[in-house]
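The structure file start_4.cif is reproduced below (mmCIF, C-alpha atoms (C1' of nucleotides)).
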data_data
loop_
_atom_site.label_atom_id
_atom_site.label_comp_id
_atom_site.auth_asym_id
_atom_site.auth_seq_id
_atom_site.Cartn_x
_atom_site.Cartn_y
_atom_site.Cartn_z
CA MET D 14 -139.48 -50.20 -38.84
CA ALA D 15 -139.67 -50.02 -42.55
CA ARG D 16 -139.50 -46.27 -42.63
CA VAL D 17 -136.20 -46.10 -40.81
CA SER D 18 -134.50 -48.78 -42.86
CA ILE D 19 -135.71 -47.08 -46.00
CA ARG D 20 -134.17 -43.81 -44.89
CA LYS D 21 -130.98 -45.55 -43.96
CA ALA D 22 -130.71 -47.34 -47.24
CA LYS D 23 -131.49 -44.16 -49.13
CA ALA D 24 -128.95 -42.18 -47.21
CA ALA D 25 -126.37 -44.89 -47.62
CA ASP D 26 -126.86 -45.26 -51.30
CA THR D 27 -126.34 -41.84 -52.68
CA GLU D 28 -125.54 -43.53 -55.93
CA ALA D 29 -129.13 -44.66 -56.34
CA ALA D 30 -130.40 -41.18 -55.55
CA LEU D 31 -128.09 -39.65 -58.12
CA LYS D 32 -129.21 -42.14 -60.74
CA ALA D 33 -132.87 -41.52 -60.02
CA ALA D 34 -132.43 -37.78 -60.15
CA ALA D 35 -130.49 -38.05 -63.38
CA ARG D 36 -133.19 -40.16 -65.00
CA GLN D 37 -135.86 -37.66 -64.12
CA LEU D 38 -133.88 -34.66 -65.31
CA PHE D 39 -132.84 -36.33 -68.56
CA VAL D 40 -136.50 -36.58 -69.53
CA GLU D 41 -137.55 -33.20 -68.23
CA GLN D 42 -134.80 -31.03 -69.64
CA GLY D 43 -132.63 -33.36 -71.67
CA TYR D 44 -129.24 -34.94 -71.15
CA LEU D 45 -127.17 -32.17 -72.68
CA LYS D 46 -128.81 -29.37 -70.75
CA THR D 47 -128.56 -31.23 -67.46
CA LYS D 48 -125.52 -30.14 -65.44
CA ILE D 49 -123.89 -32.23 -62.76
CA THR D 50 -124.92 -29.66 -60.21
CA ASP D 51 -128.54 -30.06 -61.35
CA ILE D 52 -128.35 -33.75 -60.58
CA THR D 53 -126.75 -33.37 -57.16
CA ARG D 54 -129.22 -30.66 -56.18
CA ALA D 55 -132.20 -32.74 -57.29
CA ALA D 56 -130.78 -35.67 -55.35
CA GLY D 57 -130.25 -33.51 -52.29
CA ARG D 58 -126.49 -34.01 -52.28
CA SER D 59 -123.51 -31.74 -52.68
CA THR D 60 -121.52 -31.21 -55.82
CA GLY D 61 -118.38 -32.91 -54.63
CA SER D 62 -120.26 -36.01 -53.58
CA PHE D 63 -121.01 -36.81 -57.19
CA TYR D 64 -117.40 -37.59 -58.05
CA GLU D 65 -117.22 -40.15 -55.29
CA HIS D 66 -119.54 -42.30 -57.40
CA PHE D 67 -118.99 -41.29 -61.01
CA PRO D 68 -115.99 -39.68 -62.67
CA SER D 69 -118.18 -37.78 -65.13
CA LYS D 70 -121.66 -37.35 -66.53
CA GLU D 71 -120.80 -39.71 -69.38
CA ALA D 72 -119.81 -42.38 -66.87
CA LEU D 73 -123.14 -41.97 -65.11
CA LEU D 74 -124.91 -42.51 -68.42
CA GLU D 75 -122.83 -45.61 -68.99
CA ALA D 76 -123.89 -46.92 -65.61
CA LEU D 77 -127.55 -46.27 -66.38
CA LEU D 78 -127.09 -48.01 -69.70
CA GLY D 79 -125.57 -50.96 -67.88
CA ASP D 80 -128.58 -51.21 -65.59
CA LEU D 81 -130.83 -51.17 -68.63
CA ARG D 82 -128.96 -53.93 -70.42
CA GLU D 83 -128.95 -56.08 -67.31
CA GLN D 84 -132.69 -55.74 -66.89
CA ALA D 85 -133.33 -56.19 -70.59
CA SER D 86 -131.34 -59.40 -70.80
CA GLU D 87 -133.38 -60.82 -67.93
CA GLU D 88 -136.64 -60.08 -69.70
CA VAL D 89 -135.45 -61.42 -72.98
CA THR D 90 -134.22 -64.72 -71.59
CA ALA D 91 -137.47 -64.92 -69.61
CA GLN D 92 -139.78 -64.76 -72.60
CA LEU D 93 -139.14 -63.93 -76.25
CA HIS D 94 -137.70 -64.43 -78.96
CA PRO D 95 -139.58 -67.06 -81.01
CA ALA D 96 -136.63 -66.84 -83.38
CA ASP D 97 -138.64 -67.24 -86.57
CA HIS D 98 -140.75 -64.14 -86.69
CA ASP D 99 -142.73 -63.65 -89.84
CA LEU D 100 -142.88 -59.90 -90.24
CA THR D 101 -145.30 -60.15 -93.13
CA ASP D 102 -147.92 -61.28 -90.65
CA ARG D 103 -149.78 -58.29 -89.26
CA GLU D 104 -149.98 -59.53 -85.69
CA GLN D 105 -146.35 -60.54 -85.49
CA LEU D 106 -145.18 -57.28 -87.00
CA ARG D 107 -147.38 -55.36 -84.61
CA ALA D 108 -146.07 -57.34 -81.65
CA HIS D 109 -142.50 -56.61 -82.65
CA LEU D 110 -143.11 -52.90 -83.08
CA ALA D 111 -145.08 -52.74 -79.85
CA ALA D 112 -142.24 -54.40 -77.95
CA ALA D 113 -139.76 -51.89 -79.32
CA TRP D 114 -142.07 -49.00 -78.54
CA HIS D 115 -142.67 -50.06 -74.96
CA THR D 116 -139.00 -50.68 -74.38
CA MET D 117 -138.30 -47.12 -75.44
CA ARG D 118 -141.13 -45.81 -73.31
CA ASP D 119 -140.05 -47.71 -70.21
CA ASN D 120 -136.44 -46.65 -70.54
CA LEU D 121 -137.08 -43.24 -71.95
CA PRO D 122 -134.51 -41.33 -69.87
CA VAL D 123 -131.60 -43.49 -70.95
CA VAL D 124 -132.74 -43.97 -74.54
CA LEU D 125 -133.19 -40.23 -74.88
CA ALA D 126 -129.84 -39.46 -73.29
CA VAL D 127 -127.91 -41.88 -75.47
CA HIS D 128 -129.48 -40.37 -78.54
CA GLU D 129 -128.61 -36.84 -77.46
CA ALA D 130 -125.07 -37.91 -76.75
CA ALA D 131 -124.75 -39.44 -80.19
CA ILE D 132 -126.03 -36.27 -81.81
CA ALA D 133 -123.64 -34.15 -79.81
CA ALA D 134 -120.78 -36.36 -80.96
CA GLY D 135 -121.23 -34.86 -84.40
CA PRO D 136 -122.01 -36.21 -87.86
CA GLY D 137 -118.43 -36.87 -88.81
CA SER D 138 -118.11 -39.48 -86.10
CA GLY D 139 -120.34 -41.87 -88.02
CA GLU D 140 -121.86 -42.67 -84.66
CA TRP D 141 -125.39 -41.94 -85.84
CA TRP D 142 -125.36 -44.66 -88.45
CA GLN D 143 -123.62 -47.10 -86.18
CA GLN D 144 -126.11 -46.63 -83.39
CA LEU D 145 -129.02 -46.96 -85.79
CA THR D 146 -127.74 -50.22 -87.23
CA THR D 147 -126.77 -51.84 -83.93
CA ASP D 148 -130.18 -50.97 -82.50
CA THR D 149 -131.86 -52.75 -85.37
CA VAL D 150 -129.73 -55.86 -85.78
CA VAL D 151 -132.51 -58.13 -84.59
CA LEU D 152 -134.87 -56.63 -87.12
CA ARG D 153 -132.26 -56.97 -89.84
CA ASP D 154 -131.79 -60.64 -89.06
CA HIS D 155 -135.49 -61.30 -89.35
CA LEU D 156 -135.55 -59.54 -92.69
CA GLN D 157 -132.51 -61.43 -93.87
CA GLN D 158 -134.20 -64.68 -92.95
CA LEU D 159 -137.33 -63.61 -94.81
CA ARG D 160 -135.24 -62.88 -97.85
CA ASP D 161 -133.40 -66.18 -97.63
CA HIS D 162 -136.76 -67.89 -97.87
CA GLY D 163 -137.31 -66.24 -101.22
CA HIS D 164 -139.43 -63.34 -100.05
CA PRO D 165 -138.72 -60.09 -101.90
CA LEU D 166 -137.78 -57.01 -99.85
CA PRO D 167 -137.83 -53.34 -100.88
CA GLY D 168 -134.06 -53.19 -100.34
CA GLU D 169 -131.08 -54.40 -98.35
CA PRO D 170 -132.13 -55.88 -94.99
CA GLU D 171 -129.80 -53.57 -93.11
CA LEU D 172 -131.17 -50.51 -94.86
CA VAL D 173 -134.80 -51.54 -94.46
CA ALA D 174 -134.23 -52.28 -90.79
CA ALA D 175 -132.56 -48.91 -90.30
CA ALA D 176 -135.44 -47.16 -92.03
CA MET D 177 -138.02 -48.87 -89.84
CA GLY D 178 -136.04 -48.24 -86.68
CA GLY D 179 -135.49 -44.62 -87.60
CA MET D 180 -139.20 -44.10 -88.09
CA LEU D 181 -140.09 -45.58 -84.75
CA ALA D 182 -137.31 -43.85 -82.86
CA THR D 183 -138.13 -40.45 -84.29
CA LEU D 184 -141.77 -40.79 -83.27
CA ALA D 185 -140.73 -41.96 -79.82
CA PHE D 186 -138.39 -39.03 -79.27
CA ALA D 187 -140.97 -36.58 -80.53
CA LEU D 188 -144.04 -37.95 -78.79
CA LEU D 189 -143.12 -39.80 -75.62
CA PRO D 190 -141.51 -36.96 -73.64
CA ALA D 191 -144.74 -34.95 -73.84
CA GLY D 192 -146.82 -37.81 -72.53
CA PRO D 193 -149.78 -39.49 -74.29
CA ASP D 194 -151.45 -36.16 -74.96
CA ARG D 195 -151.35 -36.16 -78.73
CA TYR D 196 -151.51 -39.79 -79.75
CA SER D 197 -151.96 -42.92 -77.70
CA ASP D 198 -149.41 -45.72 -77.76
CA ASP D 199 -151.81 -47.99 -79.59
CA GLN D 200 -152.59 -45.34 -82.15
CA VAL D 201 -148.93 -44.91 -83.00
CA ILE D 202 -148.23 -48.63 -83.10
CA ASP D 203 -151.26 -49.32 -85.27
CA THR D 204 -150.34 -46.56 -87.67
CA VAL D 205 -146.75 -47.65 -88.05
CA THR D 206 -147.79 -51.27 -88.42
CA GLY D 207 -150.21 -50.40 -91.19
CA LEU D 208 -147.71 -48.16 -92.90
CA LEU D 209 -144.94 -50.76 -92.96
CA LEU D 210 -146.89 -53.95 -93.51
CA GLY D 211 -147.58 -53.42 -97.19
CA GLY D 212 -143.97 -52.68 -97.96
CA LEU D 213 -142.76 -55.82 -96.23
CA ARG D 214 -145.26 -58.00 -98.05
CA GLY D 215 -143.88 -56.72 -101.30
CA MET U 2 -107.43 -8.15 -112.96
CA ALA U 3 -109.68 -10.89 -111.84
CA ARG U 4 -107.39 -11.98 -109.08
CA VAL U 5 -107.38 -8.61 -107.42
CA SER U 6 -111.12 -8.07 -107.61
CA ILE U 7 -111.64 -11.53 -106.21
CA ARG U 8 -109.42 -10.78 -103.27
CA LYS U 9 -111.13 -7.47 -102.77
CA ALA U 10 -114.58 -8.98 -102.84
CA LYS U 11 -113.49 -11.72 -100.50
CA ALA U 12 -111.93 -9.28 -98.12
CA ALA U 13 -114.96 -7.02 -98.27
CA ASP U 14 -117.43 -9.75 -97.69
CA THR U 15 -116.20 -11.45 -94.61
CA GLU U 16 -119.75 -12.39 -93.99
CA ALA U 17 -119.76 -14.74 -96.94
CA ALA U 18 -116.50 -16.29 -95.84
CA LEU U 19 -117.86 -16.86 -92.37
CA LYS U 20 -120.99 -18.44 -93.74
CA ALA U 21 -119.03 -20.72 -96.05
CA ALA U 22 -116.69 -21.78 -93.28
CA ALA U 23 -119.61 -22.42 -90.97
CA ARG U 24 -121.36 -24.59 -93.53
CA GLN U 25 -118.29 -26.72 -94.01
CA LEU U 26 -117.64 -27.13 -90.31
CA PHE U 27 -121.25 -27.93 -89.50
CA VAL U 28 -121.02 -30.97 -91.74
CA GLU U 29 -117.53 -32.01 -90.73
CA GLN U 30 -117.81 -31.78 -86.97
CA GLY U 31 -121.39 -30.77 -86.30
CA TYR U 32 -123.11 -27.58 -85.26
CA LEU U 33 -122.84 -28.09 -81.52
CA LYS U 34 -119.16 -28.92 -81.51
CA THR U 35 -118.27 -26.01 -83.76
CA LYS U 36 -117.05 -23.00 -81.78
CA ILE U 37 -117.16 -19.45 -83.04
CA THR U 38 -113.39 -19.42 -83.00
CA ASP U 39 -113.37 -22.50 -85.24
CA ILE U 40 -115.42 -20.61 -87.79
CA THR U 41 -113.33 -17.46 -87.75
CA ARG U 42 -110.12 -19.45 -87.97
CA ALA U 43 -111.40 -21.51 -90.91
CA ALA U 44 -112.49 -18.29 -92.58
CA GLY U 45 -109.11 -16.71 -91.94
CA ARG U 46 -110.52 -13.95 -89.77
CA SER U 47 -110.14 -12.92 -86.16
CA THR U 48 -112.48 -13.71 -83.34
CA GLY U 49 -113.72 -10.19 -82.81
CA SER U 50 -114.59 -9.79 -86.45
CA PHE U 51 -117.35 -12.34 -86.13
CA TYR U 52 -119.52 -10.15 -83.96
CA GLU U 53 -119.47 -7.36 -86.50
CA HIS U 54 -121.67 -9.62 -88.65
CA PHE U 55 -123.57 -11.89 -86.30
CA PRO U 56 -124.46 -11.43 -82.65
CA SER U 57 -124.18 -15.16 -81.96
CA LYS U 58 -123.82 -18.60 -83.47
CA GLU U 59 -127.59 -19.04 -83.37
CA ALA U 60 -128.02 -15.84 -85.38
CA LEU U 61 -125.59 -17.14 -87.99
CA LEU U 62 -127.66 -20.29 -88.28
CA GLU U 63 -130.76 -18.16 -88.69
CA ALA U 64 -129.07 -16.29 -91.50
CA LEU U 65 -128.09 -19.53 -93.24
CA LEU U 66 -131.64 -20.72 -92.81
CA GLY U 67 -132.87 -17.51 -94.40
CA ASP U 68 -130.62 -18.06 -97.41
CA LEU U 69 -132.01 -21.56 -97.74
CA ARG U 70 -135.63 -20.46 -97.62
CA GLU U 71 -135.00 -17.74 -100.16
CA GLN U 72 -133.42 -20.17 -102.58
CA ALA U 73 -136.03 -22.82 -101.90
CA SER U 74 -138.94 -20.50 -102.59
CA GLU U 75 -137.40 -19.59 -105.92
CA GLU U 76 -137.14 -23.22 -106.94
CA VAL U 77 -140.62 -24.05 -105.77
CA THR U 78 -142.30 -21.20 -107.62
CA ALA U 79 -140.20 -22.06 -110.65
CA GLN U 80 -141.38 -25.66 -110.96
CA LEU U 81 -143.47 -27.83 -108.63
CA HIS U 82 -146.05 -28.42 -107.02
CA PRO U 83 -148.67 -30.13 -109.21
CA ALA U 84 -150.96 -29.70 -106.21
CA ASP U 85 -152.78 -32.98 -106.65
CA HIS U 86 -150.13 -35.57 -106.01
CA ASP U 87 -151.33 -39.11 -105.84
CA LEU U 88 -148.98 -40.76 -103.38
CA THR U 89 -150.40 -44.19 -104.09
CA ASP U 90 -148.75 -44.00 -107.49
CA ARG U 91 -145.23 -45.39 -107.31
CA GLU U 92 -143.63 -42.80 -109.58
CA GLN U 93 -145.24 -39.86 -107.88
CA LEU U 94 -144.36 -41.12 -104.43
CA ARG U 95 -140.82 -41.72 -105.55
CA ALA U 96 -140.57 -38.26 -107.04
CA HIS U 97 -141.77 -36.72 -103.83
CA LEU U 98 -139.34 -38.68 -101.67
CA ALA U 99 -136.50 -37.98 -104.08
CA ALA U 100 -137.18 -34.25 -103.95
CA ALA U 101 -137.12 -34.29 -100.17
CA TRP U 102 -133.93 -36.35 -100.15
CA HIS U 103 -132.08 -34.10 -102.56
CA THR U 104 -133.18 -30.99 -100.72
CA MET U 105 -131.66 -32.41 -97.57
CA ARG U 106 -128.52 -33.44 -99.41
CA ASP U 107 -128.06 -30.04 -101.05
CA ASN U 108 -128.60 -28.15 -97.84
CA LEU U 109 -127.02 -30.66 -95.52
CA PRO U 110 -125.07 -28.20 -93.35
CA VAL U 111 -128.11 -26.18 -92.43
CA VAL U 112 -130.51 -29.10 -92.16
CA LEU U 113 -128.06 -30.88 -89.91
CA ALA U 114 -127.44 -27.83 -87.77
CA VAL U 115 -131.10 -27.09 -87.24
CA HIS U 116 -131.67 -30.65 -86.18
CA GLU U 117 -128.80 -30.56 -83.72
CA ALA U 118 -130.08 -27.30 -82.31
CA ALA U 119 -133.53 -28.79 -81.80
CA ILE U 120 -132.06 -31.78 -80.01
CA ALA U 121 -129.97 -29.57 -77.78
CA ALA U 122 -133.08 -27.61 -76.86
CA GLY U 123 -134.19 -30.65 -74.94
CA PRO U 124 -137.20 -32.96 -75.02
CA GLY U 125 -139.34 -30.88 -72.71
CA SER U 126 -139.40 -28.04 -75.19
CA GLY U 127 -141.68 -29.99 -77.52
CA GLU U 128 -139.52 -28.59 -80.28
CA TRP U 129 -138.80 -32.05 -81.73
CA TRP U 130 -142.41 -32.77 -82.51
CA GLN U 131 -143.06 -29.28 -83.77
CA GLN U 132 -140.15 -29.36 -86.17
CA LEU U 133 -141.15 -32.78 -87.43
CA THR U 134 -144.71 -31.72 -88.15
CA THR U 135 -143.89 -28.39 -89.76
CA ASP U 136 -141.36 -30.09 -92.00
CA THR U 137 -144.02 -32.49 -93.21
CA VAL U 138 -147.04 -30.22 -93.64
CA VAL U 139 -146.99 -30.58 -97.40
CA LEU U 140 -146.97 -34.34 -97.06
CA ARG U 141 -149.77 -34.20 -94.55
CA ASP U 142 -151.90 -32.12 -96.89
CA HIS U 143 -151.48 -34.64 -99.66
CA LEU U 144 -152.49 -37.42 -97.33
CA GLN U 145 -155.47 -35.44 -96.09
CA GLN U 146 -156.59 -34.92 -99.65
CA LEU U 147 -156.20 -38.61 -100.36
CA ARG U 148 -158.33 -39.40 -97.36
CA ASP U 149 -160.99 -36.88 -98.36
CA HIS U 150 -161.32 -38.75 -101.61
CA GLY U 151 -162.28 -41.84 -99.67
CA HIS U 152 -158.88 -43.51 -99.63
CA PRO U 153 -158.10 -45.34 -96.39
CA LEU U 154 -154.91 -44.42 -94.53
CA PRO U 155 -153.07 -46.37 -91.82
CA GLY U 156 -153.68 -43.49 -89.41
CA GLU U 157 -154.05 -39.75 -88.93
CA PRO U 158 -152.51 -37.82 -91.84
CA GLU U 159 -150.34 -35.78 -89.50
CA LEU U 160 -149.03 -38.88 -87.79
CA VAL U 161 -148.41 -40.78 -91.02
CA ALA U 162 -146.63 -37.77 -92.47
CA ALA U 163 -144.47 -37.45 -89.38
CA ALA U 164 -143.60 -41.14 -89.53
CA MET U 165 -142.57 -40.90 -93.17
CA GLY U 166 -140.60 -37.73 -92.60
CA GLY U 167 -138.89 -39.19 -89.57
CA MET U 168 -137.79 -42.21 -91.53
CA LEU U 169 -136.31 -40.17 -94.32
CA ALA U 170 -134.68 -37.63 -92.05
CA THR U 171 -133.06 -40.28 -89.88
CA LEU U 172 -131.56 -41.97 -92.91
CA ALA U 173 -130.36 -38.66 -94.25
CA PHE U 174 -128.64 -37.71 -91.00
CA ALA U 175 -127.07 -41.12 -90.67
CA LEU U 176 -125.95 -41.63 -94.26
CA LEU U 177 -125.37 -38.32 -96.01
CA PRO U 178 -122.57 -36.92 -93.84
CA ALA U 179 -120.40 -39.92 -94.62
CA GLY U 180 -120.85 -39.54 -98.35
CA PRO U 181 -122.31 -42.10 -100.75
CA ASP U 182 -120.00 -44.83 -99.47
CA ARG U 183 -122.57 -47.19 -98.02
CA TYR U 184 -125.69 -46.72 -100.07
CA SER U 185 -126.35 -44.64 -103.15
CA ASP U 186 -129.03 -41.99 -103.22
CA ASP U 187 -131.11 -44.05 -105.62
CA GLN U 188 -130.78 -47.12 -103.48
CA VAL U 189 -132.11 -45.30 -100.44
CA ILE U 190 -134.93 -43.64 -102.34
CA ASP U 191 -135.99 -46.87 -104.01
CA THR U 192 -135.95 -48.74 -100.73
CA VAL U 193 -137.99 -46.15 -98.89
CA THR U 194 -140.42 -45.88 -101.78
CA GLY U 195 -140.99 -49.62 -101.81
CA LEU U 196 -141.32 -49.75 -98.07
CA LEU U 197 -143.94 -47.01 -97.85
CA LEU U 198 -145.94 -47.63 -101.01
CA GLY U 199 -147.82 -50.65 -99.76
CA GLY U 200 -148.88 -48.92 -96.58
CA LEU U 201 -150.22 -45.91 -98.43
CA ARG U 202 -152.21 -48.04 -100.83
CA GLY U 203 -153.93 -49.64 -97.86
"C1'" DG S 7 -118.62 -40.49 -47.56
"C1'" DT S 8 -120.24 -36.00 -47.52
"C1'" DC S 9 -119.81 -31.40 -47.08
"C1'" DT S 10 -118.04 -26.18 -48.33
"C1'" DA S 11 -115.05 -23.52 -50.69
"C1'" DT S 12 -112.31 -22.73 -54.38
"C1'" DA S 13 -109.42 -23.35 -58.40
"C1'" DC S 14 -109.21 -24.21 -63.35
"C1'" DG S 15 -110.22 -23.98 -68.28
"C1'" DC S 16 -113.06 -23.15 -72.06
"C1'" DG S 17 -115.78 -20.55 -74.92
"C1'" DG S 18 -118.41 -16.33 -75.50
"C1'" DA S 19 -118.12 -11.65 -75.64
"C1'" DT S 20 -116.05 -6.81 -75.39
"C1'" DA S 21 -112.43 -2.85 -75.46
"C1'" DG S 22 -109.69 -0.24 -77.82
"C1'" DA S 23 -105.81 0.38 -81.21
"C1'" DC S 24 -105.18 0.64 -86.08
"C1'" DG A 6 -114.13 -3.28 -90.56
"C1'" DT A 7 -110.55 -5.89 -88.70
"C1'" DC A 8 -107.26 -6.90 -85.54
"C1'" DT A 9 -105.08 -8.22 -80.59
"C1'" DA A 10 -105.68 -8.54 -76.01
"C1'" DT A 11 -108.48 -9.25 -72.28
"C1'" DC A 12 -112.41 -10.02 -69.41
"C1'" DC A 13 -116.24 -12.64 -67.68
"C1'" DG A 14 -119.41 -16.43 -66.54
"C1'" DC A 15 -120.40 -21.03 -66.32
"C1'" DG A 16 -119.63 -25.71 -65.43
"C1'" DT A 17 -116.18 -29.08 -64.22
"C1'" DA A 18 -113.25 -30.80 -61.04
"C1'" DT A 19 -110.44 -30.79 -56.73
"C1'" DA A 20 -108.84 -29.65 -51.80
"C1'" DG A 21 -109.40 -30.15 -47.40
"C1'" DA A 22 -112.36 -29.95 -43.12
"C1'" DC A 23 -115.65 -32.75 -40.70
#
Is it possible to express this structure as structure tokens?
Amino acid sequence: MARVSIRKAKAADTEAALKAAARQLFVEQGYLKTKITDITRAAGRSTGSFYEHFPSKEALLEALLGDLREQASEEVTAQLHPADHDLTDREQLRAHLAAAWHTMRDNLPVVLAVHEAAIAAGPGSGEWWQQLTTDTVVLRDHLQQLRDHGHPLPGEPELVAAAMGGMLATLAFALLPAGPDRYSDDQVIDTVTGLLLGGLRG
Amino acid sequence: MARVSIRKAKAADTEAALKAAARQLFVEQGYLKTKITDITRAAGRSTGSFYEHFPSKEALLEALLGDLREQASEEVTAQLHPADHDLTDREQLRAHLAAAWHTMRDNLPVVLAVHEAAIAAGPGSGEWWQQLTTDTVVLRDHLQQLRDHGHPLPGEPELVAAAMGGMLATLAFALLPAGPDRYSDDQVIDTVTGLLLGGLRG
DNA sequence: GTCTATACGCGGATAGAC
DNA sequence: GTCTATCCGCGTATAGAC
């Protein structure tokens, strides 16, 4: 009986339940505001049970981040990257931005949480800049390549990549948690594509 | 004797000392990480003294924000706005972006703190989007005007304005706290100007 | 492995002397 | 108005029974 085995598996793997509850709460009320007791309660477990699986809330986030990377690497190896993107081509730029957007949407809980954690770390840590640059390395490489082929850019590849990534991330954080009520995914992607295309063409 | 009157004034106005200490700490270690006791200690006062001036850390931030608005309104009425900006003109776009950048730089402690507070409020609050849009109303109006004159935009004025503001704000938060070590102000402003200009021209 | 109950520490906030 | 000393609540983390 499927139902029984499902229950068994669910009961056995409290870890999965905790992760699922955490994901939901991170979107609903944010990572910082979410207490460990909130997670255990939402997962239907007791407080003490949490520490059997994770030493802290940060560790739980690390675990979620690990799951994300694992899944992401599968997808990447499965399909993209064509390696030689030409970001001055409207369709290719749009595809790249759309991929980034949907990745953020699909992994919103973790993406959101990591961002909150970075903010909470404080400005002095330099973590904000580091996170922004590492998240946009791929973009930077494409821009670097473009530049190597003689194409003029509005500035340093790293800086341009950071600017583009910052724009997209800000919109994602501001719009996605509320749902598609204000602007549709396509609307955002089209707008950003149009706004950036001219600058990349030079 | 200047020295005496200075000491007197300083002693009398603990409030100013607390504000100054808060500003410094907000940049150094961030708003969220800064405890009330950190502020009083940095200001050379006792814990209890704080509450004689502000009921809470949030109230202190409000006060700082009030100071900022007061000063900002003076500057604005003193000089700008020419009302009919043409953001498709490189110099005018640059001037606008530069003004925004320097405002953020000059008021970094408060700007940073408000942002951190908004993040801590959580995604569900919708506060992120609200703050982004209110901070870019002026920009939106200029874009709206441009559109009314028949100029094509890459998307809804509000959305385009939010995208532009998000880009600039992200770079400011990531780069300004560290000082001008990585990229100079001009470098950032030039890059962003070049990146956005093409998209606004259509 | 999961529960209940409880201890611990931190930061916010107040009491009361000066 | 400022200080010192103290309290209180919340969230983290642990102890110990089952």
Between atom CA of U:Val28 and atom CA of U:Ala170, what is the distance in Å, rounded to a tenth?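 Computed distance, atom CA of U:Val28 to atom CA of U:Ala170, equals 15.2 Å.
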Between atom C1' of A:DG21 and atom C1' of S:DG17, what is the distance, to one decimal in Å?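 Separation between atom C1' of A:DG21 and atom C1' of S:DG17: 29.8 Å.
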Point out the residue among D:Val123, D:Ala55, D:Ala72, D:Val201 with the least atom-to-atom distance to chain U, counting only C-alpha atoms.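 Among D:Val123, D:Ala55, D:Ala72, D:Val201, it is D:Val201 that comes nearest to chain U.
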How would you write, as a list in words, the residues chosen by the PyMOL selection byres ((chain D) within 6 of (chain U)) on this structure?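 When the PyMOL selection byres ((chain D) within 6 of (chain U)) is applied to the shown file, the picked residues are Glu41, Gln42, Gly43, Gly135, Pro136, Gly137, Trp141, Trp142, Pro167, Gly168, Ala176, Gly179, Met180, Thr183, Ala187, Thr204, Gly207, Leu208, Leu209, Gly211 and Gly212 of chain D.
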Counting only C-alpha atoms (C1' of nucleotides), chain A residues within 12 Å of chain U, as a ChimeraX atom specification: /A:6-11
Output for the residues just chosen: C-alpha atoms (C1' of nucleotides) as a short mmCIF file (atom, residue, chain, number, x, y, z; two decimals), in the coordinates of the input:
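Result went into result-v4.cif, see below:
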data_model
loop_
_atom_site.label_atom_id
_atom_site.label_comp_id
_atom_site.auth_asym_id
_atom_site.auth_seq_id
_atom_site.Cartn_x
_atom_site.Cartn_y
_atom_site.Cartn_z
"C1'" DG A 6 -114.13 -3.28 -90.56
"C1'" DT A 7 -110.55 -5.89 -88.70
"C1'" DC A 8 -107.26 -6.90 -85.54
"C1'" DT A 9 -105.08 -8.22 -80.59
"C1'" DA A 10 -105.68 -8.54 -76.01
"C1'" DT A 11 -108.48 -9.25 -72.28
#
Name the residues that the PyMOL selection byres ((chain S) within 10 of (chain U)) pulls out of this structure, and write them as a ChimeraX atom specification. /S:17-20
Interatomic distance (Å, one decimal) between atom CA of U:Asp85 and atom CA of U:Leu98: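 These atoms are spaced 15.4 Å apart.
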Picked residues, the PyMOL selection byres ((chain S and resi 11) around 9), as an mmCIF file with C-alpha atoms (C1' of nucleotides), keeping the file's coordinate frame:
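Written out: part20.cif:
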data_model
loop_
_atom_site.group_PDB
_atom_site.id
_atom_site.type_symbol
_atom_site.label_atom_id
_atom_site.label_comp_id
_atom_site.auth_asym_id
_atom_site.auth_seq_id
_atom_site.Cartn_x
_atom_site.Cartn_y
_atom_site.Cartn_z
ATOM 1 C "C1'" DT S 10 -118.040 -26.180 -48.330
ATOM 2 C "C1'" DT S 12 -112.310 -22.730 -54.380
ATOM 3 C "C1'" DA A 20 -108.840 -29.650 -51.800
#
Pick out the residues sitting within 10 Å of S:DC14, and hand them over as a PyMOL selection string; count only C-alpha atoms (C1' of nucleotides), and ignore anything fewer than 6 positions along from it in its own chain. chain A and resi 17-19
